[in-house]
$ cat target08.csv   # CSV, C-alpha atoms (C1' of nucleotides)
chain,number,residue,atom,x,y,z
A,1,MET,CA,0.0,0.0,0.0
A,2,SER,CA,1.2,3.5,-0.8
A,3,TYR,CA,-0.4,6.9,-0.3
A,4,SER,CA,-0.3,10.3,-1.9
A,5,ILE,CA,0.4,13.5,0.0
A,6,GLY,CA,-3.3,14.4,-0.1
A,7,GLU,CA,-4.3,11.0,1.4
A,8,VAL,CA,-1.8,11.4,4.2
A,9,ALA,CA,-2.9,14.9,4.8
A,10,ASP,CA,-6.5,13.8,5.2
A,11,LYS,CA,-5.5,10.9,7.6
A,12,LEU,CA,-3.4,13.2,9.8
A,13,ALA,CA,-5.8,16.2,9.5
A,14,ILE,CA,-3.0,18.5,8.4
A,15,SER,CA,-2.7,20.3,5.1
A,16,PRO,CA,-0.5,19.1,2.2
A,17,TYR,CA,1.3,22.5,2.5
A,18,THR,CA,2.3,21.6,6.0
A,19,LEU,CA,3.6,18.2,5.0
A,20,ARG,CA,5.7,19.7,2.2
A,21,TYR,CA,7.0,22.3,4.7
A,22,TYR,CA,8.0,19.4,7.0
A,23,ASP,CA,9.7,17.7,4.1
A,24,LYS,CA,11.6,20.9,3.3
A,25,GLU,CA,12.7,21.1,6.9
A,26,GLY,CA,14.1,17.5,6.8
A,27,LEU,CA,11.3,15.7,8.7
A,28,LEU,CA,10.4,13.3,5.9
A,29,PRO,CA,13.6,11.9,4.5
A,30,PHE,CA,12.0,8.4,4.5
A,31,VAL,CA,9.4,9.2,2.0
A,32,ASP,CA,9.8,7.6,-1.5
A,33,ARG,CA,9.0,9.3,-4.8
A,34,ASN,CA,7.5,7.7,-8.0
A,35,ALA,CA,8.9,8.1,-11.5
A,36,ALA,CA,7.3,11.5,-11.8
A,37,GLY,CA,8.8,12.8,-8.6
A,38,ARG,CA,5.6,12.6,-6.5
A,39,ARG,CA,5.7,11.5,-2.9
A,40,ARG,CA,4.6,8.0,-2.1
A,41,PHE,CA,4.1,7.3,1.6
A,42,LYS,CA,4.4,3.7,2.7
A,43,ASP,CA,2.6,2.0,5.6
A,44,ASN,CA,5.7,2.0,7.7
A,45,ASP,CA,6.1,5.8,7.2
A,46,PHE,CA,3.1,6.2,9.5
A,47,ASN,CA,5.3,5.1,12.4
A,48,PHE,CA,7.5,8.1,11.7
A,49,LEU,CA,4.5,10.4,11.1
A,50,GLU,CA,3.0,9.3,14.4
A,51,VAL,CA,6.2,10.3,16.2
A,52,ILE,CA,6.3,13.7,14.4
A,53,VAL,CA,2.7,14.4,15.3
A,54,CYS,CA,3.3,13.4,18.9
A,55,LEU,CA,6.4,15.6,19.2
A,56,LYS,CA,4.6,18.5,17.6
A,57,GLU,CA,1.7,18.2,20.1
A,58,ALA,CA,4.3,18.0,22.9
A,59,GLY,CA,5.6,21.4,21.8
A,60,VAL,CA,8.9,20.3,20.3
A,61,PRO,CA,10.1,22.7,17.6
A,62,VAL,CA,10.2,21.4,14.0
A,63,LYS,CA,14.0,21.8,13.9
A,64,GLN,CA,14.5,19.5,16.9
A,65,ILE,CA,12.0,17.0,15.5
A,66,GLY,CA,14.3,17.0,12.4
A,67,GLU,CA,17.3,16.2,14.6
A,68,PHE,CA,15.4,13.2,16.1
A,69,ILE,CA,14.5,11.9,12.6
A,70,ASP,CA,18.1,12.2,11.6
A,71,LEU,CA,19.0,10.0,14.6
A,72,CYS,CA,16.4,7.5,13.4
A,73,MET,CA,17.9,7.4,9.9
A,74,THR,CA,21.4,6.8,11.2
A,75,GLY,CA,20.8,3.5,12.8
A,76,ASP,CA,21.4,1.5,16.0
A,77,ALA,CA,24.4,3.7,17.0
A,78,THR,CA,21.9,6.4,18.0
A,79,LEU,CA,19.5,4.3,20.1
A,80,GLN,CA,20.8,5.9,23.3
A,81,ASP,CA,20.5,9.4,21.9
A,82,ARG,CA,16.9,8.7,20.8
A,83,TYR,CA,16.0,7.3,24.2
A,84,ASP,CA,17.5,10.4,25.9
A,85,PHE,CA,15.7,12.7,23.6
A,86,LEU,CA,12.3,11.1,24.4
A,87,ALA,CA,13.1,11.0,28.1
A,88,ASP,CA,14.0,14.7,28.0
A,89,HIS,CA,10.7,15.7,26.3
A,90,GLU,CA,8.8,13.4,28.6
A,91,ALA,CA,10.1,15.3,31.6
A,92,LYS,CA,9.3,18.6,29.9
A,93,LEU,CA,5.8,17.5,29.1
A,94,GLU,CA,5.2,16.4,32.7
A,95,ALA,CA,6.4,19.8,33.9
A,96,LYS,CA,4.1,21.5,31.4
A,97,MET,CA,1.1,19.5,32.5
A,98,ALA,CA,1.8,20.4,36.1
A,99,ARG,CA,1.8,24.1,35.1
A,100,LEU,CA,-1.4,23.6,33.1
A,101,GLN,CA,-3.0,22.0,36.1
A,102,HIS,CA,-2.2,25.1,38.2
A,103,THR,CA,-3.6,27.2,35.4
A,104,LEU,CA,-6.8,25.2,35.4
A,105,ASP,CA,-7.1,25.5,39.2
A,106,PHE,CA,-6.8,29.3,38.8
A,107,LEU,CA,-9.3,29.4,36.0
A,108,ARG,CA,-11.8,27.5,38.2
A,109,TRP,CA,-11.3,29.8,41.2
A,110,LYS,CA,-11.9,32.8,38.9
A,111,LYS,CA,-15.0,31.2,37.5
A,112,TRP,CA,-16.3,30.8,41.1
A,113,TYR,CA,-15.4,34.4,41.7
A,114,TYR,CA,-17.6,35.5,38.8
A,115,LYS,CA,-20.4,33.0,39.6
A,116,THR,CA,-20.7,34.5,43.1
A,117,ALA,CA,-20.5,38.0,41.8
A,118,LEU,CA,-23.2,37.2,39.2
A,119,GLN,CA,-25.5,35.8,41.9
A,120,ALA,CA,-25.0,39.0,43.9
A,121,GLY,CA,-25.5,41.1,40.8
A,122,THR,CA,-22.3,43.0,41.4
A,123,GLU,CA,-18.5,42.3,41.6
A,124,SER,CA,-18.2,44.7,44.4
A,125,ILE,CA,-19.2,42.0,47.0
A,126,HIS,CA,-15.6,40.9,46.5
A,127,TYR,CA,-14.1,44.3,47.2
A,128,LEU,CA,-12.6,45.6,50.4
A,129,PRO,CA,-15.3,47.9,51.9
A,130,GLY,CA,-15.2,51.4,50.3
A,131,THR,CA,-12.6,50.5,47.6
A,132,ASN,CA,-12.4,48.9,44.2
A,133,GLN,CA,-9.7,46.5,45.4
A,134,VAL,CA,-10.4,42.8,45.6
A,135,ASP,CA,-10.3,41.4,49.1
A,136,PRO,CA,-7.5,38.8,49.4
A,137,ALA,CA,-9.8,36.9,51.8
A,138,VAL,CA,-12.0,36.0,48.9
A,139,HIS,CA,-9.5,33.6,47.4
A,140,ALA,CA,-8.9,32.2,50.9
A,141,THR,CA,-12.6,31.5,51.2
A,142,PHE,CA,-12.5,29.5,47.9
A,143,ASN,CA,-9.5,27.6,49.1
A,144,ARG,CA,-11.2,26.7,52.3
A,145,LEU,CA,-14.3,25.4,50.5
A,146,VAL,CA,-11.9,23.2,48.4
A,147,ALA,CA,-10.0,22.0,51.5
A,148,ASP,CA,-13.3,21.1,53.1
A,149,GLY,CA,-14.0,18.7,50.3
A,150,ALA,CA,-15.8,20.7,47.6
A,151,SER,CA,-14.8,20.0,44.0
A,152,PRO,CA,-13.0,23.0,42.4
A,153,LYS,CA,-14.6,22.1,39.1
A,154,THR,CA,-18.2,22.1,40.3
A,155,LEU,CA,-17.9,25.0,42.7
A,156,GLY,CA,-17.8,27.4,39.8
A,157,GLU,CA,-20.6,25.7,37.9
A,158,LEU,CA,-23.6,27.9,37.3
A,159,ASN,CA,-27.1,26.4,38.1
B,1,MET,CA,2.6,50.7,47.4
B,2,SER,CA,3.4,51.1,43.7
B,3,TYR,CA,5.8,49.4,41.4
B,4,SER,CA,7.9,50.3,38.3
B,5,ILE,CA,7.7,48.3,35.1
B,6,GLY,CA,11.1,46.8,36.0
B,7,GLU,CA,9.9,45.6,39.4
B,8,VAL,CA,6.8,44.1,37.9
B,9,ALA,CA,8.8,42.4,35.2
B,10,ASP,CA,11.0,40.8,37.8
B,11,LYS,CA,8.1,39.6,39.9
B,12,LEU,CA,6.3,38.1,36.9
B,13,ALA,CA,9.6,36.8,35.3
B,14,ILE,CA,8.7,38.5,32.0
B,15,SER,CA,10.6,41.3,30.3
B,16,PRO,CA,9.7,45.0,30.4
B,17,TYR,CA,9.5,44.8,26.6
B,18,THR,CA,6.8,42.3,26.9
B,19,LEU,CA,4.9,44.3,29.4
B,20,ARG,CA,5.0,47.4,27.2
B,21,TYR,CA,3.9,45.2,24.3
B,22,TYR,CA,0.9,44.0,26.3
B,23,ASP,CA,0.1,47.6,27.2
B,24,LYS,CA,0.3,48.6,23.5
B,25,GLU,CA,-2.2,45.7,22.8
B,26,GLY,CA,-4.6,47.0,25.4
B,27,LEU,CA,-4.0,44.5,28.2
B,28,LEU,CA,-3.0,47.1,30.8
B,29,PRO,CA,-5.5,50.0,30.7
B,30,PHE,CA,-5.7,49.9,34.5
B,31,VAL,CA,-2.1,51.0,35.0
B,32,ASP,CA,-1.5,54.5,36.3
B,33,ARG,CA,1.2,56.9,35.2
B,34,ASN,CA,3.2,59.4,37.3
B,35,ALA,CA,3.8,63.0,36.4
B,36,ALA,CA,6.7,62.0,34.0
B,37,GLY,CA,4.5,59.5,32.2
B,38,ARG,CA,6.1,56.4,33.7
B,39,ARG,CA,3.9,53.4,34.6
B,40,ARG,CA,3.1,52.9,38.2
B,41,PHE,CA,1.6,49.5,39.0
B,42,LYS,CA,-0.7,49.3,42.1
B,43,ASP,CA,-1.1,46.3,44.4
B,44,ASN,CA,-4.6,45.6,43.0
B,45,ASP,CA,-3.1,45.6,39.4
B,46,PHE,CA,-1.6,42.2,40.3
B,47,ASN,CA,-5.1,40.7,40.3
B,48,PHE,CA,-5.3,41.6,36.6
B,49,LEU,CA,-1.7,40.6,35.9
B,50,GLU,CA,-2.4,37.2,37.5
B,51,VAL,CA,-5.3,36.7,35.1
B,52,ILE,CA,-3.3,37.8,32.1
B,53,VAL,CA,-0.5,35.4,33.0
B,54,CYS,CA,-3.0,32.6,33.6
B,55,LEU,CA,-4.7,33.1,30.3
B,56,LYS,CA,-1.4,33.3,28.5
B,57,GLU,CA,-0.3,30.0,30.0
B,58,ALA,CA,-3.7,28.5,29.0
B,59,GLY,CA,-2.8,29.5,25.4
B,60,VAL,CA,-5.3,32.3,24.9
B,61,PRO,CA,-4.1,34.8,22.3
B,62,VAL,CA,-3.1,38.3,23.4
B,63,LYS,CA,-6.0,39.8,21.4
B,64,GLN,CA,-8.6,37.7,23.2
B,65,ILE,CA,-7.0,38.5,26.6
B,66,GLY,CA,-7.5,42.2,25.7
B,67,GLU,CA,-11.2,41.6,25.0
B,68,PHE,CA,-11.5,40.0,28.5
B,69,ILE,CA,-9.7,43.0,30.1
B,70,ASP,CA,-12.1,45.3,28.2
B,71,LEU,CA,-15.0,43.4,29.8
B,72,CYS,CA,-13.4,43.8,33.2
B,73,MET,CA,-13.1,47.6,32.7
B,74,THR,CA,-16.8,47.9,31.6
B,75,GLY,CA,-18.3,46.9,34.9
B,76,ASP,CA,-21.0,44.6,36.3
B,77,ALA,CA,-23.0,44.5,33.0
B,78,THR,CA,-20.3,42.1,31.7
B,79,LEU,CA,-20.2,39.7,34.5
B,80,GLN,CA,-22.0,37.0,32.5
B,81,ASP,CA,-19.7,37.5,29.5
B,82,ARG,CA,-16.6,37.2,31.8
B,83,TYR,CA,-18.0,34.0,33.3
B,84,ASP,CA,-18.7,32.5,29.9
B,85,PHE,CA,-15.2,33.5,28.7
B,86,LEU,CA,-13.6,31.7,31.6
B,87,ALA,CA,-15.9,28.7,31.2
B,88,ASP,CA,-15.0,28.5,27.5
B,89,HIS,CA,-11.3,28.5,28.2
B,90,GLU,CA,-11.6,26.1,31.0
B,91,ALA,CA,-13.2,23.6,28.6
B,92,LYS,CA,-10.5,24.2,26.0
B,93,LEU,CA,-7.8,23.7,28.6
B,94,GLU,CA,-9.4,20.5,29.8
B,95,ALA,CA,-9.5,19.2,26.2
B,96,LYS,CA,-5.8,20.2,25.7
B,97,MET,CA,-4.7,18.4,28.9
B,98,ALA,CA,-6.5,15.3,27.7
B,99,ARG,CA,-4.6,15.5,24.4
B,100,LEU,CA,-1.4,16.0,26.2
B,101,GLN,CA,-2.0,13.0,28.4
B,102,HIS,CA,-2.3,10.9,25.2
B,103,THR,CA,0.9,12.5,23.9
B,104,LEU,CA,2.6,11.6,27.2
B,105,ASP,CA,1.3,8.0,26.9
B,106,PHE,CA,2.7,7.8,23.4
B,107,LEU,CA,6.1,9.2,24.5
B,108,ARG,CA,6.3,6.6,27.2
B,109,TRP,CA,5.5,3.7,24.9
B,110,LYS,CA,8.2,5.0,22.5
B,111,LYS,CA,10.7,5.2,25.4
B,112,TRP,CA,10.0,1.6,26.2
B,113,TYR,CA,10.4,0.8,22.6
B,114,TYR,CA,13.9,2.3,22.6
B,115,LYS,CA,14.8,0.9,26.1
B,116,THR,CA,14.1,-2.7,24.8
B,117,ALA,CA,15.9,-2.0,21.6
B,118,LEU,CA,18.9,-0.6,23.6
B,119,GLN,CA,18.9,-3.7,25.8
B,120,ALA,CA,18.9,-5.9,22.7
B,121,GLY,CA,21.6,-3.7,21.0
B,122,THR,CA,19.5,-3.2,17.9
B,123,GLU,CA,16.2,-1.8,16.9
B,124,SER,CA,15.6,-4.7,14.5
B,125,ILE,CA,14.2,-6.8,17.3
B,126,HIS,CA,11.0,-4.8,16.7
B,127,TYR,CA,10.9,-5.4,13.0
B,128,LEU,CA,8.9,-7.9,11.1
B,129,PRO,CA,11.2,-10.8,10.2
B,130,GLY,CA,13.3,-9.9,7.1
B,131,THR,CA,12.0,-6.3,6.8
B,132,ASN,CA,12.7,-2.8,8.1
B,133,GLN,CA,9.1,-2.4,9.2
B,134,VAL,CA,8.0,-2.2,12.8
B,135,ASP,CA,5.9,-5.1,13.9
B,136,PRO,CA,2.5,-3.7,15.0
B,137,ALA,CA,2.5,-6.4,17.7
B,138,VAL,CA,5.2,-4.6,19.6
B,139,HIS,CA,2.8,-1.8,20.6
B,140,ALA,CA,0.2,-4.4,21.5
B,141,THR,CA,2.8,-6.1,23.8
B,142,PHE,CA,3.4,-2.8,25.6
B,143,ASN,CA,-0.3,-2.2,26.0
B,144,ARG,CA,-0.7,-5.7,27.5
B,145,LEU,CA,2.0,-5.0,30.0
B,146,VAL,CA,0.2,-1.8,31.0
B,147,ALA,CA,-3.2,-3.6,31.1
B,148,ASP,CA,-1.6,-6.2,33.4
B,149,GLY,CA,-0.8,-3.5,35.9
B,150,ALA,CA,2.6,-2.2,35.0
B,151,SER,CA,3.2,1.6,35.2
B,152,PRO,CA,3.6,3.1,31.7
B,153,LYS,CA,6.0,5.6,33.3
B,154,THR,CA,8.4,3.1,34.9
B,155,LEU,CA,8.2,0.5,32.1
B,156,GLY,CA,10.3,2.7,29.9
B,157,GLU,CA,12.8,3.7,32.7
B,158,LEU,CA,16.4,2.6,32.1
B,159,ASN,CA,18.3,0.7,34.9
C,1,DA,C1',27.0,68.0,39.8
C,2,DT,C1',27.5,64.2,37.1
C,3,DA,C1',27.5,59.7,35.7
C,4,DT,C1',24.8,55.6,35.4
C,5,DA,C1',20.7,53.3,35.1
C,6,DA,C1',15.8,53.0,34.2
C,7,DT,C1',12.1,54.6,31.8
C,8,DC,C1',9.4,56.5,27.7
C,9,DT,C1',7.6,56.2,22.5
C,10,DA,C1',7.6,54.9,17.7
C,11,DG,C1',8.7,51.9,14.9
C,12,DA,C1',11.8,48.3,12.9
C,13,DG,C1',13.5,43.5,13.2
C,14,DT,C1',13.1,38.6,14.4
C,15,DT,C1',11.4,34.0,14.6
C,16,DA,C1',8.6,30.0,14.0
C,17,DA,C1',5.4,27.8,11.6
C,18,DC,C1',2.9,27.8,8.5
C,19,DT,C1',0.2,29.3,4.1
C,20,DC,C1',-0.2,30.5,-0.3
C,21,DT,C1',1.1,31.8,-5.4
C,22,DA,C1',2.9,30.9,-9.8
C,23,DA,C1',4.1,28.2,-13.3
C,24,DG,C1',4.4,23.9,-14.7
C,25,DT,C1',3.7,18.4,-14.7
C,26,DC,C1',0.9,14.4,-14.3
C,27,DA,C1',-3.2,11.3,-13.6
C,28,DA,C1',-8.1,10.2,-14.0
C,29,DC,C1',-12.4,10.6,-16.1
C,30,DC,C1',-15.9,11.5,-19.9
D,1,DG,C1',-8.5,14.0,-26.7
D,2,DG,C1',-9.5,17.3,-23.5
D,3,DT,C1',-10.6,19.0,-19.1
D,4,DT,C1',-10.3,18.8,-14.3
D,5,DG,C1',-7.9,18.2,-10.3
D,6,DA,C1',-3.8,16.7,-7.6
D,7,DC,C1',0.7,17.1,-7.5
D,8,DT,C1',5.7,19.5,-8.1
D,9,DT,C1',9.2,23.4,-6.8
D,10,DA,C1',10.8,27.9,-5.5
D,11,DG,C1',9.9,31.5,-3.2
D,12,DA,C1',6.9,35.1,-1.4
D,13,DG,C1',3.5,36.4,2.2
D,14,DT,C1',1.3,36.0,6.7
D,15,DT,C1',0.6,36.0,11.7
D,16,DA,C1',1.6,36.1,16.5
D,17,DA,C1',4.3,37.4,19.9
D,18,DC,C1',7.8,39.2,21.0
D,19,DT,C1',12.4,41.8,21.0
D,20,DC,C1',15.1,45.4,20.1
D,21,DT,C1',16.9,50.2,18.5
D,22,DA,C1',17.1,55.1,18.6
D,23,DG,C1',16.6,59.1,20.7
D,24,DA,C1',14.9,61.5,24.5
D,25,DT,C1',13.7,62.0,29.5
D,26,DT,C1',13.9,61.1,34.4
D,27,DA,C1',15.6,59.0,38.6
D,28,DT,C1',19.4,57.2,41.6
D,29,DA,C1',23.9,57.1,43.4
D,30,DT,C1',28.4,58.9,44.3
$ encode --input "target08.csv" --output "structure tokens"
Amino acid sequence: MSYSIGEVADKLAISPYTLRYYDKEGLLPFVDRNAAGRRRFKDNDFNFLEVIVCLKEAGVPVKQIGEFIDLCMTGDATLQDRYDFLADHEAKLEAKMARLQHTLDFLRWKKWYYKTALQAGTESIHYLPGTNQVDPAVHATFNRLVADGASPKTLGELN
Amino acid sequence: MSYSIGEVADKLAISPYTLRYYDKEGLLPFVDRNAAGRRRFKDNDFNFLEVIVCLKEAGVPVKQIGEFIDLCMTGDATLQDRYDFLADHEAKLEAKMARLQHTLDFLRWKKWYYKTALQAGTESIHYLPGTNQVDPAVHATFNRLVADGASPKTLGELN
DNA sequence: ATATAATCTAGAGTTAACTCTAAGTCAACC
DNA sequence: GGTTGACTTAGAGTTAACTCTAGATTATAT
């Protein structure tokens, strides 16, 4: 089985432009061409494409993905380098997910902030008396609710 | 208490250039100026800055963050819009974290793939006999190990 | 008082990752 | 056999988010 650039683009839900750009950047050295110079992707190529898509999603720059593909093409001498590369980006992704979890926590507290303001009809219930400044105790109140067992996700839910 | 742009930049670990850029894009309409035209950040401004940093981390484009700040400056009439904005980006962030979890799973399976190749001294242990194509059963083997209770994270760990 | 450092604006430059255009080739269908 | 659509390359254009420069002003430290 072999596939045209358009078929691969459809399968991966990315544009043919992007695939050609990746090729230009050295990400697709494994792709064959037919007599007319058109790209013919093999079944096994999807193993590489899967990795490329994964690294992209993980936030690895195209240039670095190219370096990984280079290692792949070089052979068994680079197995350790490839392992280290993946371990490095695994750690980076774990760190990023931890940061995003904090971001999500913050978003949920702010949602609760607006839910309660909405129910009161005014944001000023969260202000220090006689000012336009948010009372730091409000965040502490939310944290106490969570510590007491409430779900941060449902606390901010309207209805 | 008030703070210069440099002090705020240090606290948020972003450059003064970036803060001025945000101001230019309408993200900092709440910041005061002194007689000489220099920015003076108030304590309460950090409530806005916190939100800006959070939305940035969540992947919200600067332009959209500006729209949210606009809502904030308009007053209580926009409370629902602000709630909806946060709820929308909460959902998007949850979806992104689910995708990243899949990405992390994939990275770990590939790490195990290279760990086992490394221990065998050659990647070819994963190929279909007499080819250079990866045997699809290899991924299935990894999945079985995980289904049988092994940790995907430690399975790929070297040592 | 003076040198150094921080700030200001307007606007130019940079970078990554596409995204598209132009001009041409090739394949599939009626 | 002709038309339509997919493909090719080289290279230009786009977009977001900075990042910096230049030239001027202001604040801080000796």
$ interface_residues --input "target08.csv" --of "chain B" --to "chain C" --cutoff "9 Å" --atoms "all atoms listed in the file" --output "list of chain:residue names"
B:Ser4, B:Ile5, B:Gly6, B:Ala36, B:Gly37, B:Arg38, B:Arg39
$ write_last_selection --input "target08.csv" --atoms "C-alpha atoms" --output "compact mmCIF listing (two decimals), in the coordinates of the input"
# COMPACT_ATOMS: atom_id res chain seq x y z
CA SER B 4 7.90 50.30 38.30
CA ILE B 5 7.70 48.30 35.10
CA GLY B 6 11.10 46.80 36.00
CA ALA B 36 6.70 62.00 34.00
CA GLY B 37 4.50 59.50 32.20
CA ARG B 38 6.10 56.40 33.70
CA ARG B 39 3.90 53.40 34.60
$ calpha_fit_and_write --input "target08.csv" --fixed "chain B" --moving "chain A" --output "compact mmCIF listing (two decimals) with C-alpha atoms, in the frame of the given file"
# COMPACT_ATOMS: atom_id res chain seq x y z
CA MET A 1 2.61 50.60 47.41
CA SER A 2 3.41 51.17 43.75
CA TYR A 3 5.84 49.47 41.39
CA SER A 4 7.84 50.33 38.33
CA ILE A 5 7.73 48.33 35.11
CA GLY A 6 11.10 46.77 35.94
CA GLU A 7 9.87 45.63 39.40
CA VAL A 8 6.79 44.05 37.89
CA ALA A 9 8.82 42.44 35.23
CA ASP A 10 11.09 40.83 37.79
CA LYS A 11 8.06 39.60 39.91
CA LEU A 12 6.33 38.06 36.88
CA ALA A 13 9.60 36.82 35.25
CA ILE A 14 8.76 38.52 31.98
CA SER A 15 10.70 41.28 30.29
CA PRO A 16 9.73 44.99 30.45
CA TYR A 17 9.53 44.83 26.60
CA THR A 18 6.82 42.25 26.90
CA LEU A 19 4.85 44.29 29.40
CA ARG A 20 5.00 47.38 27.17
CA TYR A 21 3.90 45.19 24.22
CA TYR A 22 0.92 44.05 26.34
CA ASP A 23 0.15 47.64 27.17
CA LYS A 24 0.27 48.55 23.48
CA GLU A 25 -2.12 45.73 22.75
CA GLY A 26 -4.65 47.03 25.36
CA LEU A 27 -3.97 44.52 28.18
CA LEU A 28 -2.98 47.10 30.78
CA PRO A 29 -5.49 49.90 30.65
CA PHE A 30 -5.61 49.89 34.50
CA VAL A 31 -2.10 50.94 34.97
CA ASP A 32 -1.53 54.53 36.29
CA ARG A 33 1.26 56.86 35.18
CA ASN A 34 3.23 59.42 37.33
CA ALA A 35 3.81 63.05 36.42
CA ALA A 36 6.59 62.06 34.08
CA GLY A 37 4.50 59.56 32.19
CA ARG A 38 6.06 56.42 33.75
CA ARG A 39 3.95 53.43 34.62
CA ARG A 40 3.07 52.90 38.24
CA PHE A 41 1.56 49.50 39.02
CA LYS A 42 -0.62 49.29 42.10
CA ASP A 43 -1.14 46.26 44.36
CA ASN A 44 -4.55 45.63 42.96
CA ASP A 45 -3.12 45.56 39.38
CA PHE A 46 -1.57 42.21 40.31
CA ASN A 47 -5.05 40.69 40.27
CA PHE A 48 -5.30 41.67 36.62
CA LEU A 49 -1.71 40.58 35.89
CA GLU A 50 -2.40 37.21 37.48
CA VAL A 51 -5.36 36.71 35.14
CA ILE A 52 -3.28 37.75 32.08
CA VAL A 53 -0.50 35.37 33.02
CA CYS A 54 -2.98 32.56 33.59
CA LEU A 55 -4.71 33.14 30.24
CA LYS A 56 -1.39 33.33 28.46
CA GLU A 57 -0.29 29.97 29.96
CA ALA A 58 -3.69 28.54 28.95
CA GLY A 59 -2.88 29.44 25.34
CA VAL A 60 -5.31 32.32 24.90
CA PRO A 61 -4.11 34.79 22.27
CA VAL A 62 -3.13 38.30 23.46
CA LYS A 63 -5.97 39.85 21.42
CA GLN A 64 -8.62 37.77 23.21
CA ILE A 65 -7.00 38.47 26.58
CA GLY A 66 -7.48 42.18 25.63
CA GLU A 67 -11.18 41.56 24.98
CA PHE A 68 -11.53 39.98 28.48
CA ILE A 69 -9.78 43.00 30.11
CA ASP A 70 -12.11 45.29 28.27
CA LEU A 71 -15.04 43.36 29.80
CA CYS A 72 -13.43 43.84 33.21
CA MET A 73 -13.13 47.60 32.70
CA THR A 74 -16.75 47.95 31.67
CA GLY A 75 -18.31 46.87 34.87
CA ASP A 76 -21.01 44.60 36.34
CA ALA A 77 -22.97 44.52 33.03
CA THR A 78 -20.32 42.12 31.69
CA LEU A 79 -20.16 39.65 34.59
CA GLN A 80 -21.97 37.02 32.53
CA ASP A 81 -19.70 37.52 29.54
CA ARG A 82 -16.61 37.18 31.78
CA TYR A 83 -17.96 34.02 33.37
CA ASP A 84 -18.66 32.54 29.90
CA PHE A 85 -15.28 33.47 28.67
CA LEU A 86 -13.55 31.67 31.59
CA ALA A 87 -15.86 28.69 31.26
CA ASP A 88 -15.05 28.47 27.54
CA HIS A 89 -11.25 28.49 28.13
CA GLU A 90 -11.67 26.07 30.99
CA ALA A 91 -13.27 23.56 28.66
CA LYS A 92 -10.55 24.17 26.08
CA LEU A 93 -7.83 23.68 28.63
CA GLU A 94 -9.38 20.40 29.81
CA ALA A 95 -9.50 19.20 26.21
CA LYS A 96 -5.87 20.21 25.74
CA MET A 97 -4.75 18.37 28.84
CA ALA A 98 -6.54 15.26 27.66
CA ARG A 99 -4.61 15.49 24.36
CA LEU A 100 -1.36 16.09 26.25
CA GLN A 101 -2.05 13.04 28.34
CA HIS A 102 -2.37 10.92 25.17
CA THR A 103 0.84 12.49 23.95
CA LEU A 104 2.60 11.56 27.16
CA ASP A 105 1.28 7.97 26.95
CA PHE A 106 2.75 7.77 23.42
CA LEU A 107 6.03 9.26 24.48
CA ARG A 108 6.30 6.62 27.25
CA TRP A 109 5.50 3.71 24.91
CA LYS A 110 8.21 4.99 22.52
CA LYS A 111 10.66 5.29 25.35
CA TRP A 112 9.96 1.61 26.22
CA TYR A 113 10.42 0.78 22.58
CA TYR A 114 13.91 2.30 22.61
CA LYS A 115 14.79 0.90 26.08
CA THR A 116 14.09 -2.63 24.80
CA ALA A 117 15.92 -2.01 21.59
CA LEU A 118 18.91 -0.62 23.55
CA GLN A 119 19.00 -3.72 25.77
CA ALA A 120 19.00 -5.89 22.64
CA GLY A 121 21.62 -3.69 21.03
CA THR A 122 19.55 -3.28 17.91
CA GLU A 123 16.13 -1.80 16.86
CA SER A 124 15.62 -4.62 14.52
CA ILE A 125 14.19 -6.87 17.34
CA HIS A 126 11.08 -4.78 16.75
CA TYR A 127 10.94 -5.41 13.02
CA LEU A 128 8.85 -7.91 11.14
CA PRO A 129 11.28 -10.76 10.24
CA GLY A 130 13.31 -9.92 7.08
CA THR A 131 12.06 -6.28 6.79
CA ASN A 132 12.75 -2.86 8.20
CA GLN A 133 9.09 -2.42 9.14
CA VAL A 134 8.07 -2.22 12.77
CA ASP A 135 5.89 -5.06 13.92
CA PRO A 136 2.46 -3.74 15.01
CA ALA A 137 2.48 -6.47 17.69
CA VAL A 138 5.16 -4.60 19.52
CA HIS A 139 2.85 -1.81 20.59
CA ALA A 140 0.26 -4.46 21.52
CA THR A 141 2.82 -6.09 23.78
CA PHE A 142 3.39 -2.73 25.59
CA ASN A 143 -0.31 -2.26 25.95
CA ARG A 144 -0.72 -5.65 27.45
CA LEU A 145 2.03 -5.05 30.01
CA VAL A 146 0.15 -1.80 30.97
CA ALA A 147 -3.23 -3.60 31.15
CA ASP A 148 -1.65 -6.20 33.39
CA GLY A 149 -0.82 -3.54 35.90
CA ALA A 150 2.62 -2.21 34.94
CA SER A 151 3.13 1.55 35.20
CA PRO A 152 3.60 3.17 31.74
CA LYS A 153 5.97 5.65 33.31
CA THR A 154 8.33 3.13 34.88
CA LEU A 155 8.20 0.57 32.10
CA GLY A 156 10.37 2.78 29.95
CA GLU A 157 12.77 3.66 32.75
CA LEU A 158 16.32 2.60 32.10
CA ASN A 159 18.17 0.74 34.98
$ closest_residue --input "target08.csv" --among "B:Pro152, B:Gly121, B:Pro61, B:Gly26" --to "chain A" --atoms "all atoms listed in the file"
B:Gly121
$ atom_distance --input "target08.csv" --atom1 "CA of Ala120 in chain B" --atom2 "CA of Phe68 in chain A"
20.5 Å
$ closest_atom_pairs --input "target08.csv" --of "chain A" --to "chain B" --cutoff "6 Å" --atoms "only C-alpha atoms" --output "JSON lines"
{"residue": "A:Asn44", "atom": "CA", "partner": "B:Gln133", "partner_atom": "CA", "distance": 5.8}
{"residue": "A:Cys54", "atom": "CA", "partner": "B:Thr103", "partner_atom": "CA", "distance": 5.6}
{"residue": "A:Asp76", "atom": "CA", "partner": "B:Thr122", "partner_atom": "CA", "distance": 5.4}
{"residue": "A:Tyr83", "atom": "CA", "partner": "B:Tyr114", "partner_atom": "CA", "distance": 5.7}
{"residue": "A:Thr103", "atom": "CA", "partner": "B:Cys54", "partner_atom": "CA", "distance": 5.7}
{"residue": "A:Lys111", "atom": "CA", "partner": "B:Tyr83", "partner_atom": "CA", "distance": 5.9}
{"residue": "A:Tyr114", "atom": "CA", "partner": "B:Tyr83", "partner_atom": "CA", "distance": 5.7}
{"residue": "A:Thr122", "atom": "CA", "partner": "B:Asp76", "partner_atom": "CA", "distance": 5.5}
{"residue": "A:Gln133", "atom": "CA", "partner": "B:Asn44", "partner_atom": "CA", "distance": 5.7}
